[in-house]
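Engineer: Here it is, the structure, as structure tokens.
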Amino acid sequence: MSPAATLERIGPWLVAAYAGTALALPEAGEGFKVLVLVAGFGGFFWLARGRRFGTPLKLLLAAALVALLSWGLARLHHPQWAESSAKVHRLTHWFSFLAVAWLLAGRVRAVLLAWGASLAGLLVAPWFTGQGWRDWFLGWHGERVDFGLHNAQHATLLFATGLLGLTALAGRCLAPGPWRLLRAVLWALAILTCAIAVVITQTRGVWLGLAVAALVMLAAAWLVLRRRLSPGPRRRWLTGAMLAGVLGLVLMAAFSPIVEQRLADEHQAITRLARGQFDGVTGSVAGRLVSWRAALPWIAERPLLGWGGNGRSLVLTHSPGLPGWIGEQGFRHLHNGYLDTLVNYGLAGLAVLAGLLVWLTREALRARRAGALPADFLLFYLAFLGFWLVVNLFESFLYFSSGDWAFTLVAGGVATFMPWRAAAAGSDTLPAATGARPAHAACPGRRRESETRTGR
């Protein structure tokens, strides 16, 4: 068997192993991640016959250069505060999805395997990292829980991503075919679990991100109805989306006391902050606004390349007039991925991030127009993108393992169908996928052996 065929066979299983263990068994997940990165990037540079150094690789090199320049200038400008070495991985980890995209080899069933494994790992994680049923019981009775997944904000991010995926891919699990009832029951249980978790982890920024993602899905539904997105699965997708929407409304009614209390927790503080009254105001919202305001002079002083990888901690430890309770409450970063990027790496770092997201979105749309990217995969990506842009306004998920895991798997599962990968593999065109989704492709684990490379 050729090296390319071997990698194509084992690649999806490596990604699935990483996706399924990263949350519940983090040590094993870290080991599998190393294997994914080595096999993915190694296979790319070894086997790619076309344009190796396309836009994504140029952006990756730009990220490494920005991190090195920012660190080098920090050593020259403020050596007493600079880090001892350049932490290049803080920017380059955004590109881990390229290794995942290569290993998934442009196959729908490989992507569904990876996403299914990630969902399974997420659903069992509370019994490995948290207190299992006790967390669910406490959350049901109004206590904020985190399931042992770093903290509540990160747990909410993960379950909200699962909720988006289950909603966007509902048509696959609700489509006619064998085991339809079982598939529908499993889908309903999974989406119910994720929805309850999103509520009881009580993170307002993630709730706002989900609202934006819902608007994206509504816009996509309008395109589906007008037959501009995908004429085939529109009824199945809309059925799933409507069921998910009804479920959301039922949960909002059932958990309304928790939601109302969480939204009202800092109403008085927000009112005072809106009037410019910062003195004596404490809490998570006040902490964010105070630290954001303190970061602005630092950004203005070094706008192009920032203060180095620890710039955000410099803001919180060396800003004059910053309230002492900021440190007492454990603030170690700015709780805003974009401000963290500006303080650490300046406009250059933010430009790398913007370039990456613009490229991903443009290529996803191109892949859909070419018939290579399934419509529901595009829907998941667009909803996640809207969600991702919002949640990073209130938390620095860009720099944490939870955000890295979610972004890598979603972006990798979409990027594997893009023209970039086909070109790197030595093909100028992508195999077309039909717009309609056959019934046999309804759910992970239910695929026909004759499925083509792009799953159509």
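Chain labels run A, B, ... following the order of the structure tokens; each chain numbers its residues from 1, and ligands are numbered from 1 in the order shown.
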So which residues touch stretch 111-117 of chain A within 6 Å, counting only C-alpha atoms, skipping near sequence neighbours fewer than 6 positions away, as a VMD selection string?

Structural biologist: chain A and resid 16 19 to 20 413 444

Engineer: I need the helix (DSSP H, G or I) residues of stretch 137-179 of chain A per DSSP on the backbone, written as a VMD selection string.

Structural biologist: chain A and resid 137 to 140 152 to 168 170 to 174

Engineer: For A:Leu61, find every residue with an atom within 12 Å (counting only C-alpha atoms), except residues of its own chain fewer than 3 positions away, and show them as a tab-separated table (two decimals) with C-alpha atoms, in the first residue's frame.

Structural biologist:
```tsv
chain	number	residue	atom	x	y	z
A	53	PHE	CA	2.60	27.37	-0.51
A	54	GLY	CA	-0.86	28.73	-1.12
A	55	THR	CA	-2.65	31.31	0.98
A	56	PRO	CA	-3.06	29.22	4.18
A	57	LEU	CA	0.65	28.37	4.34
A	58	LYS	CA	1.56	32.00	3.71
A	64	ALA	CA	5.12	32.76	12.96
A	65	LEU	CA	6.91	35.89	11.71
A	66	VAL	CA	4.60	38.22	13.65
A	67	ALA	CA	5.15	36.24	16.86
A	68	LEU	CA	8.93	36.30	16.37
A	88	VAL	CA	5.28	31.11	18.39
A	89	HIS	CA	2.60	28.49	18.98
A	91	LEU	CA	-0.50	32.30	16.93
A	92	THR	CA	0.38	29.30	14.79
A	93	HIS	CA	-2.04	26.99	16.65
A	94	TRP	CA	-4.85	28.75	14.78
A	95	PHE	CA	-3.69	26.77	11.74
A	349	GLY	CA	-1.51	39.80	14.66
A	352	VAL	CA	-3.37	37.46	10.43
A	356	LEU	CA	-7.47	33.56	8.06
```

Engineer: Would you list the contacts of stretch 183-196 of chain A as a list in words, taking every protein, DNA or RNA residue within 7 Å and counting only C-alpha atoms, but skipping same-chain residues closer than 6 positions in sequence?

Structural biologist: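 Once the nearby chain positions are removed, what remains is Phe159, Ala160, Gly162, Leu163, Leu166, Cys173 and Leu174 of chain A.
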
Engineer: Which residues come within 9 Å of A:Trp102, counting only C-alpha atoms, excluding same-chain residues fewer than 3 positions away, as a PDB file with N, CA and C atoms, in the first residue's frame?

Structural biologist:
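And here's out_38.pdb as it stands now:
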```pdb
ATOM      1  N   GLU A   8      -4.321   8.035   4.019  1.00  0.00           N
ATOM      2  CA  GLU A   8      -5.736   8.285   3.782  1.00  0.00           C
ATOM      3  C   GLU A   8      -6.608   7.330   4.585  1.00  0.00           C
ATOM      4  N   GLY A  11      -5.734   8.357   8.568  1.00  0.00           N
ATOM      5  CA  GLY A  11      -5.893   9.762   8.918  1.00  0.00           C
ATOM      6  C   GLY A  11      -7.197  10.080   9.630  1.00  0.00           C
ATOM      7  N   GLY A  40      -0.588  15.062   9.678  1.00  0.00           N
ATOM      8  CA  GLY A  40      -1.251  15.978   8.760  1.00  0.00           C
ATOM      9  C   GLY A  40      -0.281  16.882   8.033  1.00  0.00           C
ATOM     10  N   PHE A  41       0.539  17.601   8.776  1.00  0.00           N
ATOM     11  CA  PHE A  41       1.505  18.491   8.124  1.00  0.00           C
ATOM     12  C   PHE A  41       2.604  17.702   7.426  1.00  0.00           C
ATOM     13  N   GLY A  43       2.276  14.674   6.064  1.00  0.00           N
ATOM     14  CA  GLY A  43       1.691  14.174   4.816  1.00  0.00           C
ATOM     15  C   GLY A  43       1.517  15.264   3.786  1.00  0.00           C
ATOM     16  N   PHE A  44       1.142  16.452   4.231  1.00  0.00           N
ATOM     17  CA  PHE A  44       0.959  17.561   3.301  1.00  0.00           C
ATOM     18  C   PHE A  44       2.267  17.905   2.596  1.00  0.00           C
ATOM     19  N   PHE A  97      -5.990  23.361  11.998  1.00  0.00           N
ATOM     20  CA  PHE A  97      -7.060  22.793  11.179  1.00  0.00           C
ATOM     21  C   PHE A  97      -6.554  22.316   9.821  1.00  0.00           C
ATOM     22  N   LEU A  98      -5.425  22.870   9.359  1.00  0.00           N
ATOM     23  CA  LEU A  98      -4.886  22.444   8.066  1.00  0.00           C
ATOM     24  C   LEU A  98      -4.473  20.975   8.108  1.00  0.00           C
ATOM     25  N   ALA A  99      -3.875  20.534   9.222  1.00  0.00           N
ATOM     26  CA  ALA A  99      -3.508  19.126   9.361  1.00  0.00           C
ATOM     27  C   ALA A  99      -4.750  18.241   9.383  1.00  0.00           C
ATOM     28  N   ALA A 105      -9.159  14.178   4.054  1.00  0.00           N
ATOM     29  CA  ALA A 105      -9.088  13.791   2.638  1.00  0.00           C
ATOM     30  C   ALA A 105     -10.338  14.101   1.833  1.00  0.00           C
ATOM     31  N   GLY A 106     -11.086  15.120   2.209  1.00  0.00           N
ATOM     32  CA  GLY A 106     -12.221  15.530   1.399  1.00  0.00           C
ATOM     33  C   GLY A 106     -13.358  14.532   1.353  1.00  0.00           C
ATOM     34  N   GLY A 412     -11.434  22.481  10.142  1.00  0.00           N
ATOM     35  CA  GLY A 412     -10.815  21.374   9.412  1.00  0.00           C
ATOM     36  C   GLY A 412     -11.824  20.553   8.646  1.00  0.00           C
ATOM     37  N   ALA A 415     -12.586  22.829   5.629  1.00  0.00           N
ATOM     38  CA  ALA A 415     -11.452  23.130   4.747  1.00  0.00           C
ATOM     39  C   ALA A 415     -11.036  21.923   3.918  1.00  0.00           C
ATOM     40  N   THR A 416     -11.369  20.711   4.376  1.00  0.00           N
ATOM     41  CA  THR A 416     -10.976  19.530   3.620  1.00  0.00           C
ATOM     42  C   THR A 416     -11.641  19.462   2.241  1.00  0.00           C
ATOM     43  N   ARG A 421      -7.119  22.356  -0.961  1.00  0.00           N
ATOM     44  CA  ARG A 421      -6.623  21.010  -0.758  1.00  0.00           C
ATOM     45  C   ARG A 421      -6.526  20.237  -2.069  1.00  0.00           C
TER      46      ARG A 421
END
```

Engineer: What gap, in Å, lies between atom CA of A:Gly139 and atom CA of A:Thr408?

Structural biologist: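 So the two atoms, atom CA of A:Gly139 and atom CA of A:Thr408, lie 28.8 Å apart.
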
Engineer: Using only C-alpha atoms, which residues sit within 9 Å of stretch 148-158 of chain A once same-chain residues fewer than 2 positions away are excluded, as a PyMOL selection string?

Structural biologist: chain A and resi 23-24+122+125-126+128-131+144-146+160-163+194+197-207+391+395+397+400+402-403+405-406

Engineer: Residues of the last selection are to be written out with C-alpha atoms, as a JSON list (two decimals), in the first residue's frame.

Structural biologist:
```json
[["chain", "number", "residue", "atom", "x", "y", "z"],
["A", 23, "LEU", "CA", -12.03, 16.70, 26.54],
["A", 24, "ALA", "CA", -12.66, 13.53, 28.54],
["A", 122, "LEU", "CA", -18.14, 16.08, 24.86],
["A", 125, "ALA", "CA", -16.69, 14.42, 29.50],
["A", 126, "PRO", "CA", -18.68, 15.48, 32.62],
["A", 128, "PHE", "CA", -14.43, 12.13, 33.49],
["A", 129, "THR", "CA", -13.59, 15.75, 34.29],
["A", 130, "GLY", "CA", -16.45, 16.77, 36.57],
["A", 131, "GLN", "CA", -18.86, 15.20, 39.06],
["A", 144, "ARG", "CA", -23.60, 27.49, 37.89],
["A", 145, "VAL", "CA", -21.56, 24.43, 36.89],
["A", 146, "ASP", "CA", -18.58, 23.88, 34.61],
["A", 160, "ALA", "CA", -23.01, 25.48, 22.28],
["A", 161, "THR", "CA", -20.79, 24.32, 19.40],
["A", 162, "GLY", "CA", -22.33, 20.85, 19.71],
["A", 163, "LEU", "CA", -25.79, 22.42, 19.68],
["A", 194, "CYS", "CA", -26.34, 20.24, 24.84],
["A", 197, "ALA", "CA", -25.79, 22.35, 29.42],
["A", 198, "VAL", "CA", -25.75, 25.72, 27.64],
["A", 199, "VAL", "CA", -28.38, 27.02, 30.07],
["A", 200, "ILE", "CA", -26.95, 25.69, 33.34],
["A", 201, "THR", "CA", -23.39, 26.83, 32.58],
["A", 202, "GLN", "CA", -24.86, 30.35, 32.56],
["A", 203, "THR", "CA", -22.57, 32.30, 30.23],
["A", 204, "ARG", "CA", -24.22, 35.41, 28.81],
["A", 205, "GLY", "CA", -21.65, 36.03, 26.08],
["A", 206, "VAL", "CA", -22.20, 32.55, 24.67],
["A", 207, "TRP", "CA", -25.98, 33.04, 24.80],
["A", 391, "VAL", "CA", -18.00, 34.92, 21.93],
["A", 395, "GLU", "CA", -13.60, 35.65, 26.42],
["A", 397, "PHE", "CA", -11.16, 31.51, 23.43],
["A", 400, "PHE", "CA", -7.29, 28.46, 25.07],
["A", 402, "SER", "CA", -11.18, 24.62, 24.35],
["A", 403, "GLY", "CA", -11.41, 27.22, 21.59],
["A", 405, "TRP", "CA", -10.31, 22.20, 19.81],
["A", 406, "ALA", "CA", -13.64, 23.60, 18.60]]
```

Engineer: Could you list, as a CSV table (one decimal) with C-alpha atoms, in the first residue's frame, every residue within 7 Å of A:Leu334, counting only C-alpha atoms and ignoring same-chain residues fewer than 6 positions away?

Structural biologist:
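Writing done, so here's around-v1.csv:
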```csv
chain,number,residue,atom,x,y,z
A,288,ARG,CA,-13.9,43.3,31.7
A,291,SER,CA,-9.3,46.0,32.0
A,292,TRP,CA,-10.4,46.8,28.4
A,312,ARG,CA,-2.1,41.1,28.3
A,340,ASP,CA,-5.6,40.3,23.7
```

Engineer: Enter the distance from atom CA of A:Val390 to atom CA of A:Gly287, in Å, rounded to one decimal.

Structural biologist: 18.4 Å

Engineer: Could you check which of A:Leu138, A:Leu25, A:Val108, A:Ala120 is closest to A:Val414, using only C-alpha atoms?

Structural biologist: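 Of A:Leu138, A:Leu25, A:Val108, A:Ala120, the one nearest A:Val414 is A:Val108, counting only C-alpha atoms.
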
Engineer: Could you check the closest approach to A:Arg9 for each of A:Leu357, A:Leu59, A:Ala110, A:Leu409 and tell me which residue wins, using only C-alpha atoms?

Structural biologist: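 Looking at the shortest contact to A:Arg9, the residue is A:Ala110.
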
Engineer: Can you work out the spacing between atom CA of A:Leu76 and atom CA of A:His335 in Å, to one decimal?

Structural biologist: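 It comes out at 27.7 Å.
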